[in-house]
>>> print(open('upload-v4.cif').read())   # mmCIF, C-alpha atoms
data_final
#
loop_
_atom_site.label_atom_id
_atom_site.label_comp_id
_atom_site.auth_asym_id
_atom_site.auth_seq_id
_atom_site.Cartn_x
_atom_site.Cartn_y
_atom_site.Cartn_z
CA MET Z 122 -16.91 13.27 -15.51
CA MET Z 123 -14.86 13.16 -18.74
CA ARG Z 124 -16.45 9.86 -19.68
CA ILE Z 125 -19.99 11.28 -19.28
CA ILE Z 126 -19.14 14.35 -21.41
CA THR Z 127 -17.67 12.08 -24.10
CA ARG Z 128 -20.79 9.91 -24.13
CA ILE Z 129 -23.12 12.94 -24.38
CA ALA Z 130 -20.99 14.38 -27.21
CA ILE Z 131 -21.13 11.09 -29.14
CA LEU Z 132 -24.91 10.86 -28.69
CA VAL Z 133 -25.53 14.47 -29.82
CA THR Z 134 -23.15 14.10 -32.79
CA THR Z 135 -24.80 10.84 -33.89
CA PHE Z 136 -28.26 12.40 -33.63
CA VAL Z 137 -27.32 15.53 -35.62
CA LEU Z 138 -25.49 13.46 -38.24
CA GLY Z 139 -28.48 11.16 -38.66
CA TRP Z 140 -30.80 14.10 -38.99
CA VAL Z 141 -28.66 15.81 -41.66
CA ILE Z 142 -28.25 12.57 -43.65
CA GLY Z 143 -32.01 12.09 -43.42
CA LEU Z 144 -32.59 15.55 -44.86
CA PHE Z 145 -30.23 14.91 -47.78
CA VAL Z 146 -31.69 11.50 -48.56
CA GLU Z 147 -35.17 13.01 -48.60
CA ASN Z 148 -34.16 15.89 -50.87
CA TRP Z 149 -31.82 14.57 -53.55
CA SER Z 150 -32.51 17.73 -55.52
CA TRP Z 151 -30.36 19.64 -53.03
CA PHE Z 152 -27.29 17.98 -54.48
CA VAL Z 153 -25.58 19.92 -57.25
CA PHE Z 154 -22.83 18.22 -59.20
CA SER Z 155 -20.14 20.39 -60.64
CA ASN Z 156 -16.73 19.72 -62.16
CA GLU Z 157 -15.25 22.58 -60.19
CA VAL Z 158 -13.70 22.14 -56.77
CA SER Z 159 -13.15 25.18 -54.61
CA LEU Z 160 -9.68 25.41 -53.07
CA ILE Z 161 -11.24 26.83 -49.92
CA ASP Z 162 -13.52 23.79 -49.65
CA VAL Z 163 -10.56 21.41 -50.04
CA ILE Z 164 -8.58 23.24 -47.36
CA ALA Z 165 -11.65 23.29 -45.07
CA LEU Z 166 -12.16 19.55 -45.61
CA VAL Z 167 -8.51 18.74 -44.85
CA ILE Z 168 -8.48 20.91 -41.72
CA THR Z 169 -11.79 19.48 -40.45
CA THR Z 170 -10.62 15.90 -41.01
CA THR Z 171 -7.27 16.56 -39.32
CA ILE Z 172 -8.95 18.15 -36.30
CA GLY Z 173 -11.43 15.26 -36.11
CA ILE Z 174 -8.68 12.66 -36.13
CA TYR Z 175 -6.58 14.62 -33.62
CA VAL Z 176 -9.48 15.09 -31.16
CA ALA Z 177 -10.47 11.42 -31.40
CA ASP Z 178 -6.86 10.42 -30.84
CA VAL Z 179 -6.47 12.64 -27.77
CA ILE Z 180 -9.74 11.45 -26.18
CA GLN Z 181 -8.97 7.80 -26.88
CA GLY Z 182 -5.40 8.24 -25.64
CA ASN Z 183 -6.71 9.82 -22.44
CA LEU Z 184 -9.15 6.98 -21.86
CA ASP Z 185 -6.45 4.38 -22.59
CA SER Z 186 -4.08 6.08 -20.16
CA LYS Z 187 -6.69 6.01 -17.37
CA ARG Z 188 -7.45 2.36 -18.11
CA VAL Z 189 -3.74 1.52 -17.84
CA GLU Z 190 -3.54 3.39 -14.51
CA LYS Z 191 -6.46 1.40 -13.14
CA ASP Z 192 -4.95 -1.85 -14.40
CA ILE Z 193 -1.72 -1.01 -12.56
CA ILE Z 194 -3.61 -0.36 -9.32
CA PHE Z 195 -5.66 -3.55 -9.70
CA GLY Z 196 -2.38 -5.39 -10.30
CA GLN Z 197 -1.19 -4.17 -6.87
CA PHE Z 198 -4.43 -5.49 -5.35
CA ASN Z 199 -3.71 -8.87 -6.94
CA TYR Z 200 -0.37 -8.99 -5.15
CA VAL Z 201 -2.06 -8.21 -1.81
CA GLU Z 202 -4.72 -10.86 -2.41
CA GLN Z 203 -2.07 -13.39 -3.36
CA TYR Z 204 -0.12 -12.72 -0.16
CA LEU Z 205 -3.34 -12.96 1.90
CA SER Z 206 -4.21 -16.34 0.35
CA GLU Z 207 -0.71 -17.66 1.02
CA LEU Z 208 -0.81 -16.34 4.59
CA ARG Z 209 -4.19 -18.01 5.20
CA SER Z 210 -2.80 -21.36 3.97
CA GLU Z 211 0.30 -20.93 6.07
CA VAL Z 212 -1.63 -20.15 9.27
CA ALA Z 213 -4.03 -23.03 8.64
CA LYS Z 214 -1.15 -25.53 8.88
CA HIS Z 215 -0.36 -27.12 12.22
CA GLU Z 216 3.10 -25.56 12.02
CA THR Z 217 4.03 -22.81 9.60
CA ASP Z 218 7.02 -23.20 7.29
CA GLY Z 219 8.80 -20.50 9.23
CA THR Z 220 8.61 -17.14 10.98
CA VAL Z 221 10.29 -15.58 7.97
CA ASP Z 222 7.49 -16.75 5.64
CA VAL Z 223 4.76 -15.29 7.81
CA MET Z 224 6.60 -12.00 8.19
CA ALA Z 225 7.39 -11.75 4.49
CA LYS Z 226 3.77 -12.30 3.48
CA ILE Z 227 2.42 -9.64 5.84
CA GLY Z 228 5.33 -7.36 4.94
CA GLY Z 229 4.46 -7.79 1.25
CA CYS Z 230 0.81 -6.93 1.92
CA ARG Z 231 1.80 -3.82 3.82
CA LYS Z 232 4.16 -2.57 1.10
CA PHE Z 233 1.62 -2.99 -1.68
CA TRP Z 234 -1.20 -1.56 0.43
CA SER Z 235 0.90 1.52 1.16
CA LYS Z 236 1.58 1.89 -2.56
CA ILE Z 237 -2.12 1.51 -3.43
CA VAL Z 238 -3.21 4.11 -0.87
CA ASN Z 239 -0.63 6.59 -2.20
CA MET Z 240 -1.66 5.97 -5.81
CA ILE Z 241 -5.40 6.37 -5.25
CA GLN Z 242 -4.88 9.54 -3.24
CA GLU Z 243 -2.68 10.99 -5.96
CA LYS Z 244 -4.64 9.86 -9.04
CA TYR Z 245 -8.25 10.01 -7.88
CA GLU Z 246 -8.07 12.43 -4.93
CA ILE Z 247 -10.04 9.97 -2.81
CA ASP Z 248 -10.74 11.21 0.72
CA LEU Z 249 -9.42 8.33 2.81
CA GLN Z 250 -11.33 9.27 5.96
CA LYS Z 251 -14.62 9.73 4.12
CA GLU Z 252 -14.24 6.40 2.35
CA ARG Z 253 -12.98 4.73 5.54
CA ILE Z 254 -9.72 3.62 3.96
CA ASN Z 255 -7.05 3.06 6.57
CA PRO Z 256 -3.41 3.37 5.45
CA ASN Z 257 -2.58 1.24 8.52
CA GLU Z 258 -5.07 -1.49 7.61
CA PHE Z 259 -2.59 -4.35 8.12
CA ILE Z 260 -1.34 -3.49 11.59
CA THR Z 261 -4.03 -5.62 13.30
CA LEU Z 262 -3.25 -8.60 11.06
CA ASN Z 263 0.44 -8.15 11.77
CA GLN Z 264 -0.26 -8.10 15.51
CA LEU Z 265 -2.45 -11.21 15.33
CA CYS Z 266 0.17 -13.17 13.37
CA THR Z 267 3.44 -12.01 14.88
CA THR Z 268 2.89 -11.00 18.51
CA THR Z 269 4.69 -13.65 20.49
CA PRO Z 270 4.41 -13.32 24.27
CA ILE Z 271 6.86 -11.36 26.37
CA VAL Z 272 9.09 -13.70 28.40
CA GLY Z 273 7.19 -14.99 31.42
CA SER Z 274 3.75 -14.64 29.88
CA GLU Z 275 1.49 -17.71 29.69
CA ASP Z 276 -0.25 -16.59 26.52
CA ASP Z 277 -0.03 -19.41 23.95
CA SER Z 278 -1.93 -17.76 21.08
CA VAL Z 279 1.24 -17.46 19.01
CA LEU Z 280 4.28 -19.54 19.78
CA ALA Z 281 7.54 -19.43 17.85
CA ARG Z 282 10.32 -21.94 18.41
CA ASN Z 283 13.43 -22.34 16.25
CA GLY Z 284 11.89 -20.46 13.38
CA ILE Z 285 8.57 -22.35 13.37
CA VAL Z 286 5.34 -20.63 14.38
CA THR Z 287 2.22 -22.30 15.76
CA TYR Z 288 -1.15 -20.67 16.42
CA ASN Z 289 -3.87 -21.97 18.71
CA ASP Z 290 -7.35 -22.47 17.21
CA THR Z 291 -8.74 -19.26 18.65
CA ARG Z 292 -5.93 -17.21 17.13
CA LYS Z 293 -6.29 -18.99 13.79
CA ASN Z 294 -9.97 -18.01 13.66
CA GLU Z 295 -9.12 -14.42 14.59
CA ILE Z 296 -6.58 -14.28 11.75
CA PHE Z 297 -9.02 -15.79 9.22
CA THR Z 298 -11.69 -13.27 10.25
CA GLU Z 299 -9.24 -10.40 9.86
CA ILE Z 300 -8.14 -11.65 6.42
CA ASP Z 301 -11.78 -11.85 5.31
CA ARG Z 302 -12.41 -8.33 6.61
CA ILE Z 303 -9.50 -7.00 4.57
CA ARG Z 304 -10.71 -8.89 1.49
CA MET Z 305 -14.10 -7.14 1.81
CA ILE Z 306 -12.35 -3.79 2.01
CA ILE Z 307 -10.39 -4.64 -1.15
CA ILE Z 308 -13.62 -5.43 -3.02
CA ASP Z 309 -15.20 -2.13 -1.93
CA LEU Z 310 -12.08 -0.23 -2.90
CA LYS Z 311 -11.90 -1.86 -6.33
CA LEU Z 312 -15.51 -0.85 -7.00
CA LEU Z 313 -14.81 2.69 -5.84
CA ILE Z 314 -11.78 3.01 -8.13
CA ASN Z 315 -13.69 1.55 -11.06
CA GLN Z 316 -16.34 4.26 -10.69
CA LYS Z 317 -13.71 7.01 -10.84
CA SER Z 318 -12.98 8.50 -14.28
CA MET X 235 22.74 18.23 16.82
CA ASN X 236 26.01 17.22 15.20
CA ASN X 237 25.72 14.33 12.77
CA THR X 238 23.15 11.90 11.48
CA ILE X 239 24.23 8.27 11.69
CA THR X 240 22.20 5.82 9.62
CA LEU X 241 21.41 2.26 10.68
CA ASN X 242 19.99 0.25 7.79
CA VAL X 243 18.28 -2.80 9.25
CA ALA X 244 18.25 -4.85 6.03
CA LYS X 245 21.93 -4.25 5.26
CA GLU X 246 23.46 -4.17 8.74
CA PHE X 247 21.27 -6.75 10.48
CA SER X 248 19.16 -8.89 8.17
CA PRO X 249 16.77 -8.51 5.22
CA THR X 250 14.57 -11.05 7.02
CA PRO X 251 14.28 -9.94 10.65
CA GLY X 252 12.77 -12.56 12.95
CA PHE X 253 10.60 -12.54 16.05
CA ARG X 254 11.40 -11.55 19.63
CA THR X 255 13.98 -13.85 21.24
CA LYS X 256 16.77 -16.22 20.14
CA ASP X 257 14.64 -19.27 21.05
CA GLU X 258 11.98 -18.18 18.62
CA GLY X 259 14.17 -18.22 15.54
CA PRO X 260 16.92 -16.50 13.58
CA PHE X 261 17.59 -12.76 13.58
CA PRO X 262 15.59 -11.94 16.72
CA ALA X 263 14.83 -8.46 17.99
CA VAL X 264 16.97 -8.89 21.08
CA ASP X 265 20.07 -9.35 18.89
CA PHE X 266 19.23 -6.31 16.80
CA ARG X 267 18.56 -4.20 19.86
CA ASP X 268 21.51 -5.33 21.96
CA LYS X 269 24.15 -5.51 19.21
CA LEU X 270 23.18 -2.61 16.97
CA LEU X 271 20.29 -0.36 17.98
CA PHE X 272 21.07 0.26 21.64
CA PRO X 273 24.86 0.81 21.27
CA LYS X 274 24.40 3.15 18.31
CA LEU X 275 21.60 5.09 19.95
CA LYS X 276 23.57 5.36 23.19
CA ASP X 277 26.50 6.80 21.22
CA ALA X 278 24.17 9.18 19.41
CA ILE X 279 22.73 10.43 22.72
CA GLU X 280 26.18 10.89 24.25
CA ASN X 281 27.54 12.72 21.19
CA ASP X 282 24.36 14.72 20.57
CA ASP X 283 23.89 13.02 17.19
CA ILE X 284 20.82 11.67 15.43
CA LEU X 285 20.43 7.94 14.78
CA LEU X 286 18.35 7.38 11.66
CA VAL X 287 16.99 3.82 11.52
CA ASP X 288 16.22 2.93 7.91
CA LEU X 289 13.57 0.20 7.81
CA ASP X 290 13.37 -0.11 4.02
CA GLY X 291 14.62 -3.13 2.13
CA SER X 292 13.55 -5.86 4.52
CA SER X 293 10.88 -8.49 3.83
CA GLY X 294 8.77 -7.20 6.73
CA TYR X 295 8.71 -6.67 10.47
CA GLY X 296 6.67 -8.62 12.99
CA THR X 297 5.02 -6.91 15.92
CA SER X 298 7.23 -8.81 18.37
CA PHE X 299 10.37 -7.66 16.61
CA LEU X 300 9.35 -4.00 16.62
CA GLU X 301 8.02 -4.05 20.18
CA GLU X 302 11.04 -5.85 21.62
CA ALA X 303 13.61 -3.81 19.67
CA PHE X 304 12.15 -0.33 20.17
CA GLY X 305 9.92 -0.73 23.22
CA GLY X 306 12.81 -2.66 24.80
CA LEU X 307 14.99 0.46 24.62
CA ILE X 308 12.95 1.75 27.57
CA ARG X 309 11.75 -1.53 29.14
CA VAL X 310 15.09 -3.38 29.06
CA CYS X 311 17.82 -0.85 28.28
CA HIS X 312 16.29 1.84 30.50
CA LEU X 313 16.84 4.72 28.10
CA ARG X 314 14.85 7.87 28.78
CA TYR X 315 11.85 8.56 26.57
CA SER X 316 12.92 12.17 26.06
CA ASP X 317 16.36 11.05 24.77
CA ILE X 318 14.81 8.57 22.35
CA GLU X 319 12.36 11.18 21.11
CA VAL X 320 15.17 13.60 20.32
CA HIS X 321 17.91 11.30 19.03
CA LEU X 322 16.05 8.50 17.24
CA LYS X 323 14.54 9.09 13.79
CA LEU X 324 12.87 6.51 11.59
CA LYS X 325 12.70 6.11 7.82
CA SER X 326 10.24 3.78 6.12
CA GLU X 327 9.30 4.70 2.58
CA ASP X 328 8.17 1.15 1.70
CA ASP X 329 5.50 1.32 4.37
CA PRO X 330 5.31 4.54 6.42
CA SER X 331 2.82 2.94 8.84
CA TYR X 332 5.77 1.20 10.58
CA ILE X 333 6.83 4.59 11.93
CA ASP X 334 3.57 5.21 13.82
CA GLU X 335 3.55 1.60 14.97
CA ILE X 336 7.06 1.87 16.44
CA LYS X 337 6.27 5.19 18.12
CA GLY X 338 3.26 3.46 19.69
CA TYR X 339 5.43 0.70 21.14
CA ILE X 340 7.91 3.24 22.55
CA ASN X 341 5.02 5.19 24.10
CA ASP X 342 3.50 2.02 25.56
CA ALA X 343 6.83 1.03 27.09
CA ASN X 344 7.17 4.50 28.56
CA ASN X 345 3.68 4.44 30.05
CA ASN X 346 3.90 0.97 31.60
#
>>> encode(input="upload-v4.cif", output="C-alpha cells")
Amino acid sequence: MMRIITRIAILVTTFVLGWVIGLFVENWSWFVFSNEVSLIDVIALVITTTIGIYVADVIQGNLDSKRVEKDIIFGQFNYVEQYLSELRSEVAKHETDGTVDVMAKIGGCRKFWSKIVNMIQEKYEIDLQKERINPNEFITLNQLCTTTPIVGSEDDSVLARNGIVTYNDTRKNEIFTEIDRIRMIIIDLKLLINQKS
Amino acid sequence: MNNTITLNVAKEFSPTPGFRTKDEGPFPAVDFRDKLLFPKLKDAIENDDILLVDLDGSSGYGTSFLEEAFGGLIRVCHLRYSDIEVHLKLKSEDDPSYIDEIKGYINDANNN
C-alpha cells in the first residue's frame, strides 16, 4: 500500500513540476530580477528544502528497511532449500552417510521453516490458513525419512543399521515427491512475500 | 504440583539423537526413554512434580525417536495416559511443531 501511495505521489509531483516549469519557460516576462532578497523567502526556502530532504530520507529508509526484512526471510528460505537439496542427494545414495545426517538436515529445515512462519505472520500479518501455509509442513517428510519399523514389523521402507540408513525405491520416490511438493510451496510463498509491502 | 524438573535432551542425552533401537545406531530412543525419560517421569509422578522436557538445542528428532521415546512410555513402560498428561510438559522453541507431533504419538499409543 505504501509503495503505491509513494508511486502516485511521485507521478503527481512530476506532472505538477513539469507543468509549472512549462509555464515559466513560456512566459519569461514573469521573472523579475531584483538585488533584494527577502529574509522570509530565505527562511521558507531553507525550511522547504529541509522538509523535502527529511521526507525523502524517511520514505527511502522505510523502503530499505522492508527490503532488508525480505532479504532476511529469503535468506532463511535459502537455508531450507539447501537442506532439502542435501537431503535429496543423501536419500538418493544406496546407503546414507548416517542417521545423524538425515536427522540433522530435516531438523534444520524444520527450525528455519518455523522461523519463517513466525516472521511472515509477525511482519506481514499473513493468514496462514487462508494462504494454506502449514507450520507443520515438514512432519510428513520427517516421517517418510525417519520412521523405522517397530520391532517385529516386516516393513523395509526405511532400514537403519549401525548408524546407516537405507531406503527402498518406493520410499525414495515418496521422499523425492514430498521434497518437490515443499519446493513448490516455497516458490509460492516467496512470490506472496514479494507482493507484500 | 510441587516442583518443575527440567530434562534437556541435547545436554543430558545427546545433541544428535538417533533412531529407535540400539541396532539402528548411536543415541537411540530406547536409551533415552529407559535411562532418562521414564525414570525422571516416574519420579515426577510419584512426587507430584512436573517433568519439563526441553527439546531445544539438538540437531533434530526423527519420527522413530519421538514415537519410541514418548509413545513407548505407554506402549512399553505402561504409564497411564492421565499421569503423562498431567506430569509431562514439553518445550520446543526451535520448532514448536515437535510438541503436537509428540502429543500425537502419545495419543496413538494410548488408543492402540
>>> atom_distance(input="upload-v4.cif", atom1="CA of Tyr200 (chain Z)", atom2="CA of Asp329 (chain X)")
15.2 Å
>>> interface_residues(input="upload-v4.cif", of="chain Z", to="chain X", cutoff="8 Å", atoms="all atoms listed in the file", output="PyMOL selection string")
chain Z and resi 220-221+224-229+231-232+235-236+256-257+260+263-264+266-270+280-285
>>> residues_near_point(input="upload-v4.cif", point="(14.3, 12.8, 14.4)", cutoff="8 Å", atoms="all atoms listed in the file", output="tab-separated table (two decimals) with C-alpha atoms, in the frame of the given file")
chain	number	residue	atom	x	y	z
X	284	ILE	CA	20.82	11.67	15.43
X	285	LEU	CA	20.43	7.94	14.78
X	286	LEU	CA	18.35	7.38	11.66
X	319	GLU	CA	12.36	11.18	21.11
X	320	VAL	CA	15.17	13.60	20.32
X	321	HIS	CA	17.91	11.30	19.03
X	322	LEU	CA	16.05	8.50	17.24
X	323	LYS	CA	14.54	9.09	13.79
X	324	LEU	CA	12.87	6.51	11.59
>>> atom_distance(input="upload-v4.cif", atom1="CA of Val146 (chain Z)", atom2="CA of Thr134 (chain Z)")
18.1 Å
>>> atom_distance(input="upload-v4.cif", atom1="CA of Arg128 (chain Z)", atom2="CA of Asn183 (chain Z)")
14.2 Å
>>> residues_near_point(input="upload-v4.cif", point="(19.4, 6.1, 13.7)", cutoff="12 Å", atoms="all atoms listed in the file", output="PyMOL selection string")
chain X and resi 237-243+270-279+283-289+304+318-325
>>> closest_residue(input="upload-v4.cif", among="Z:Glu202, Z:Arg304, Z:Ile125, Z:Leu262", to="Ser318 (chain Z)", atoms="all atoms listed in the file")
Z:Ile125
>>> closest_residue(input="upload-v4.cif", among="X:Phe247, X:Val310, X:Tyr315, X:Asp265", to="Asn345 (chain X)", atoms="all atoms listed in the file")
X:Tyr315
>>> closest_residue(input="upload-v4.cif", among="Z:Asn199, Z:Asn315, Z:Thr298, Z:Thr171", to="Lys187 (chain Z)", atoms="only C-alpha atoms")
Z:Asn315
>>> residues_around(input="upload-v4.cif", residues="region 207-217 of chain Z", least_positions_apart="4", cutoff="8 Å", atoms="all atoms listed in the file", output="PyMOL selection string")
chain Z and resi 203+223+226-227+285-288+293+296-297+300
>>> axis_aligned_box(input="upload-v4.cif", around="region 278-294 of chain X", padding_each_side="8 Å", output="lines of an AutoDock Vina configuration file")
center_x = 18.2
center_y = 3.1
center_z = 13.2
size_x = 34.8
size_y = 39.2
size_z = 38.1
>>> resolve_selection(input="upload-v4.cif", expression="the PyMOL selection byres ((chain X and resi 342) around 12)", output="count of residues only")
20
